[in-house]
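Structure first, then comments.
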Amino acid sequence: MQAWVIGNWKQNPATNHDVNALLNDLLAVTDAQADTTPVTSRFQLMVAPSCIHLAAVSARLKGSTIQCAAQDISQHSASTGAYTGDCSAQQVADAGATWTILGHSERRQYHKESHDTLIKKLTHAFAKNLGVVFCIGETQTQYDDQQTLNVINDQLSVLKDLLTQQPELLLSLSERLIVAYEPVWAIGTGKVPTVEEVSKTHQYIKQTIASFAKTVDNMTVLYGGSVNASNADSFAADAMIDGALVGGASLKAESFLAIANAFS
Ligand code: PEP
């Protein structure tokens with residue numbers, strides 16, 4: 001299985017100028033490597049710019065080895081409509097995204113995304129042929145209370161219920177879905193769980209998904225939360241960890257590509 005290394009740019013960079021500078025740095029390395037060792041044969045790269053930069057970034061990445069994702073899509077099925085501030089699955093696909101992140105803890109926290117909202121978003125993403133990077137993870141309090149696996153189980157029930165509603169999705173689920181385990185307390189804090197803890201949780205995620213999606217025996221599960229160039233090696237060494245979802249360290253080409261190389 002190829003590792004995935006995905007950069008979540010969040011509400012960054014602030015200007016088009018800085019977006020272009022980051023892309024220049026990324027492409028300078030990945031294009032050069034593609035001549036000798038195809039980057040995609042070692043790991044798959046994806047970046048998720050903010051919605052405002054999505055079309056420009058995906059146009060620039062066309063023909064490169066880096067895929068482009070949205071950070072979210074509207075919960076409404078209509079491609080157009082009176083939903084101020086939303087971008088529909090159709091719009092992000094038209095802007096060139098082939099994937100979307102869904103259920104990021106910042107969306108859950110600041111936009112109160114619920115179980116039902118996430119089922120709708122997954123449905124609309126798959127209907128427009130977008131792959132989904134589905135984020136799950138426990139808060140600090142839940143971690144302290146040793147509730148991690150219960151929280152994960154609850155968050156994965158979104159997928160279980162989706163498959164009950166649309167069993168036909170099972171056929172292509174492992175190609176169209178990536179799960180990212182991101183403990184909320186590790187995001188942007190510099191704190192990380194031990195590799196053993198992540199490994200145990202990933203094993204649980206894979207087993208839980210296999211229990212209700214019988215044909216999916218090895219779901220791709222990434223770790224996210226303060227991954228950087230110094231700690232990526234230790235996560236990459238564990239067989240249960242299929243790559244990384246990277247926030248802060250994805251905003252510098254050098255650290256993002258160092259993380260990717262750790263997973264090669
Ligand atoms: C994220 O927000 O998805 C993330 C992993 O952030 P960071 O790497 O900055 O912790």
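Naming works like this for the structure tokens: A, B, ... for the chains as they're shown, residue 1 at the start of each chain, ligands 1 onward in shown order.
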How would you report the residues lying within 10 Å of ligand 1, as a VMD selection string, if you count only C-alpha atoms and all ligand atoms? chain A and resid 6 to 10 71 101 104 to 106 135 180 to 192 223 to 228 244 to 251
So that I have them on file, write out the residues from the current selection with C-alpha atoms, as a PDB file, in the first residue's frame.
```
ATOM      1  CA  ILE A   6      -1.563  15.227   2.798  1.00  0.00           C
ATOM      2  CA  GLY A   7      -1.079  18.902   3.580  1.00  0.00           C
ATOM      3  CA  ASN A   8      -4.010  20.712   5.152  1.00  0.00           C
ATOM      4  CA  TRP A   9      -3.258  24.386   4.552  1.00  0.00           C
ATOM      5  CA  LYS A  10      -6.293  25.534   6.585  1.00  0.00           C
ATOM      6  CA  GLN A  71     -11.071  21.372   3.009  1.00  0.00           C
ATOM      7  CA  ILE A 101     -11.394  16.677   3.693  1.00  0.00           C
ATOM      8  CA  HIS A 104     -11.945  17.986  10.552  1.00  0.00           C
ATOM      9  CA  SER A 105     -12.057  18.746  14.279  1.00  0.00           C
ATOM     10  CA  GLU A 106     -11.974  22.493  13.544  1.00  0.00           C
ATOM     11  CA  CYS A 135     -11.120  13.029  10.091  1.00  0.00           C
ATOM     12  CA  ALA A 180      -7.312  10.412   9.266  1.00  0.00           C
ATOM     13  CA  TYR A 181      -6.950   9.802  12.994  1.00  0.00           C
ATOM     14  CA  GLU A 182      -6.254  13.183  14.546  1.00  0.00           C
ATOM     15  CA  PRO A 183      -6.396  13.498  18.328  1.00  0.00           C
ATOM     16  CA  VAL A 184      -7.768  17.028  18.823  1.00  0.00           C
ATOM     17  CA  TRP A 185      -5.258  17.673  21.623  1.00  0.00           C
ATOM     18  CA  ALA A 186      -2.356  16.951  19.259  1.00  0.00           C
ATOM     19  CA  ILE A 187      -3.428  19.358  16.508  1.00  0.00           C
ATOM     20  CA  GLY A 188      -1.171  22.394  16.387  1.00  0.00           C
ATOM     21  CA  THR A 189       0.035  21.859  19.966  1.00  0.00           C
ATOM     22  CA  GLY A 190       3.367  20.092  19.501  1.00  0.00           C
ATOM     23  CA  LYS A 191       2.023  17.258  21.700  1.00  0.00           C
ATOM     24  CA  VAL A 192       1.799  13.789  20.139  1.00  0.00           C
ATOM     25  CA  TYR A 223      -2.122   9.924  11.546  1.00  0.00           C
ATOM     26  CA  GLY A 224      -2.456  13.703  12.016  1.00  0.00           C
ATOM     27  CA  GLY A 225      -1.494  16.018  14.857  1.00  0.00           C
ATOM     28  CA  SER A 226       1.820  17.890  15.159  1.00  0.00           C
ATOM     29  CA  VAL A 227       3.624  15.676  12.633  1.00  0.00           C
ATOM     30  CA  ASN A 228       6.913  17.301  11.674  1.00  0.00           C
ATOM     31  CA  ALA A 244       0.146  11.558   7.587  1.00  0.00           C
ATOM     32  CA  LEU A 245      -2.256  14.487   7.498  1.00  0.00           C
ATOM     33  CA  VAL A 246      -0.086  17.507   8.142  1.00  0.00           C
ATOM     34  CA  GLY A 247      -1.164  21.013   9.133  1.00  0.00           C
ATOM     35  CA  GLY A 248       1.498  23.513  10.194  1.00  0.00           C
ATOM     36  CA  ALA A 249       4.457  21.626   8.745  1.00  0.00           C
ATOM     37  CA  SER A 250       2.802  21.477   5.309  1.00  0.00           C
ATOM     38  CA  LEU A 251       3.178  25.239   4.901  1.00  0.00           C
TER      39      LEU A 251
END
```
Do you know which residues are at most 10 Å from segment 51-67 of chain A counting only C-alpha atoms, after dropping those on the same chain fewer than 6 positions away, and could you put them as a PyMOL selection string? chain A and resi 5-6+10-13+15-16+19-20+23-24+26-27+30-31+34+38-41+43-45+73+86-87+91-99
Residue selection dump (N, CA and C atoms) as a compact mmCIF listing (two decimals), in the first residue's frame:
```txt
# COMPACT_ATOMS: atom_id res chain seq x y z
N VAL A 5 0.63 11.34 1.98
CA VAL A 5 1.03 12.46 2.82
C VAL A 5 0.25 13.68 2.32
N ILE A 6 -0.60 14.20 3.20
CA ILE A 6 -1.56 15.23 2.80
C ILE A 6 -1.34 16.50 3.60
N LYS A 10 -5.33 24.76 5.77
CA LYS A 10 -6.29 25.53 6.59
C LYS A 10 -6.49 26.94 5.99
N GLN A 11 -6.54 27.98 6.84
CA GLN A 11 -6.78 29.34 6.33
C GLN A 11 -5.43 30.02 6.06
N ASN A 12 -4.61 29.35 5.24
CA ASN A 12 -3.26 29.81 4.90
C ASN A 12 -3.01 29.51 3.42
N PRO A 13 -2.01 30.09 2.80
CA PRO A 13 -1.32 31.34 3.16
C PRO A 13 -2.26 32.54 2.97
N THR A 15 -1.85 35.33 1.16
CA THR A 15 -1.91 36.03 -0.13
C THR A 15 -1.64 35.06 -1.29
N ASN A 16 -2.08 35.47 -2.47
CA ASN A 16 -1.78 34.68 -3.68
C ASN A 16 -0.28 34.56 -3.88
N VAL A 19 0.93 31.80 -1.76
CA VAL A 19 0.49 30.51 -2.29
C VAL A 19 1.41 30.09 -3.43
N ASN A 20 1.70 31.04 -4.32
CA ASN A 20 2.57 30.73 -5.46
C ASN A 20 3.97 30.36 -5.02
N LEU A 23 3.87 26.81 -3.78
CA LEU A 23 3.75 25.88 -4.91
C LEU A 23 5.08 25.77 -5.67
N ASN A 24 5.73 26.91 -5.88
CA ASN A 24 7.03 26.89 -6.58
C ASN A 24 8.00 25.98 -5.85
N LEU A 26 7.33 23.55 -3.72
CA LEU A 26 6.91 22.13 -3.77
C LEU A 26 7.22 21.52 -5.13
N LEU A 27 6.88 22.25 -6.19
CA LEU A 27 7.04 21.70 -7.53
C LEU A 27 8.50 21.62 -7.94
N THR A 30 9.40 18.19 -6.36
CA THR A 30 8.70 17.00 -6.86
C THR A 30 8.90 16.81 -8.36
N ASP A 31 8.96 17.89 -9.13
CA ASP A 31 9.21 17.75 -10.57
C ASP A 31 10.60 17.19 -10.82
N ALA A 34 10.65 13.56 -9.97
CA ALA A 34 9.85 12.75 -10.89
C ALA A 34 10.68 12.29 -12.08
N PRO A 38 9.99 8.32 -9.73
CA PRO A 38 8.66 8.92 -9.68
C PRO A 38 8.17 9.04 -8.24
N VAL A 39 7.84 10.27 -7.86
CA VAL A 39 7.42 10.51 -6.47
C VAL A 39 6.21 9.65 -6.13
N THR A 40 5.31 9.53 -7.11
CA THR A 40 4.07 8.81 -6.82
C THR A 40 4.32 7.32 -6.63
N SER A 41 5.48 6.82 -7.04
CA SER A 41 5.70 5.38 -6.81
C SER A 41 6.13 5.15 -5.37
N PHE A 43 5.22 7.54 -2.60
CA PHE A 43 4.12 7.99 -1.74
C PHE A 43 3.23 8.89 -2.60
N GLN A 44 2.04 9.11 -2.14
CA GLN A 44 1.14 9.99 -2.86
C GLN A 44 1.00 11.28 -2.07
N LEU A 45 1.09 12.38 -2.79
CA LEU A 45 1.01 13.69 -2.15
C LEU A 45 -0.31 14.38 -2.50
N ILE A 73 -16.98 20.70 2.08
CA ILE A 73 -18.00 21.03 1.07
C ILE A 73 -19.31 21.34 1.80
N ASP A 86 -21.19 28.94 1.38
CA ASP A 86 -20.93 27.53 1.09
C ASP A 86 -20.27 27.33 -0.27
N CYS A 87 -19.57 26.24 -0.44
CA CYS A 87 -19.11 25.78 -1.76
C CYS A 87 -19.63 24.36 -1.93
N GLN A 91 -19.09 22.52 -7.17
CA GLN A 91 -18.19 23.68 -7.36
C GLN A 91 -16.74 23.32 -7.07
N VAL A 92 -16.48 22.57 -6.01
CA VAL A 92 -15.08 22.25 -5.72
C VAL A 92 -14.53 21.26 -6.76
N ALA A 93 -15.40 20.37 -7.25
CA ALA A 93 -14.95 19.45 -8.30
C ALA A 93 -14.64 20.24 -9.57
N ASP A 94 -15.49 21.20 -9.88
CA ASP A 94 -15.27 22.03 -11.07
C ASP A 94 -14.01 22.88 -10.93
N ALA A 95 -13.67 23.24 -9.69
CA ALA A 95 -12.45 24.01 -9.46
C ALA A 95 -11.20 23.14 -9.56
N GLY A 96 -11.40 21.83 -9.71
CA GLY A 96 -10.24 20.95 -9.93
C GLY A 96 -9.89 20.04 -8.78
N ALA A 97 -10.66 20.12 -7.67
CA ALA A 97 -10.37 19.21 -6.56
C ALA A 97 -10.81 17.80 -6.93
N THR A 98 -10.03 16.82 -6.52
CA THR A 98 -10.44 15.43 -6.73
C THR A 98 -10.78 14.76 -5.39
N TRP A 99 -10.48 15.46 -4.30
CA TRP A 99 -10.76 14.96 -2.96
C TRP A 99 -11.33 16.11 -2.13
```
Nearest residue to Ala239 of chain A from the set A:Glu196, A:Glu254, A:Asp217, A:Glu175 (distances using only C-alpha atoms): A:Glu196
Going by DSSP on the backbone, which residues of segment 21-254 of chain A come out as strand (DSSP E)? List them as a ChimeraX atom specification. /A:43-48,66-70,99-102,131-136,177-181,221-224,243-246
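Candidate residues A:Ala82, A:Leu170, A:Val151, A:Leu177 were compared for distance to Gly131 of chain A, and the nearest is A:Leu177, using only C-alpha atoms.
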Quick one: pick out all helix (DSSP H, G or I) residues within segment 53-147 of chain A from a backbone DSSP run and write them as number ranges by chain. A: 53-61, 89-94, 105-111, 115-127, 140-144
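Picture a line from atom CA of Gln75 of chain A to atom CA of Ile209 of chain A; it runs 23.4 Å.
Comparing the minimum interatomic distances between Thr208 of chain A and each of A:Ser172, A:Ser157, A:Thr139, A:Ser264, counting only C-alpha atoms, we find that A:Ser157 sits nearest.
The list of residues with at least one atom within 9 Å of Asp161 of chain A, based on only C-alpha atoms and without residues fewer than 5 positions apart in the same chain, reads Ile119, Leu156 and Gln166 of chain A.
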Residues from last step as file, N, CA and C atoms, as an mmCIF file, in the first residue's frame:
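Produced file again_6.cif, reproduced below:
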```cif
data_model
loop_
_atom_site.group_PDB
_atom_site.id
_atom_site.type_symbol
_atom_site.label_atom_id
_atom_site.label_comp_id
_atom_site.auth_asym_id
_atom_site.auth_seq_id
_atom_site.Cartn_x
_atom_site.Cartn_y
_atom_site.Cartn_z
ATOM 1 N N ILE A 119 -22.972 12.761 7.249
ATOM 2 C CA ILE A 119 -23.519 11.779 6.301
ATOM 3 C C ILE A 119 -23.904 12.483 4.996
ATOM 4 N N LEU A 156 -17.053 6.766 13.800
ATOM 5 C CA LEU A 156 -17.090 5.864 12.636
ATOM 6 C C LEU A 156 -18.515 5.412 12.320
ATOM 7 N N GLN A 166 -26.585 3.517 1.718
ATOM 8 C CA GLN A 166 -26.107 3.392 0.323
ATOM 9 C C GLN A 166 -25.105 2.242 0.204
#
```
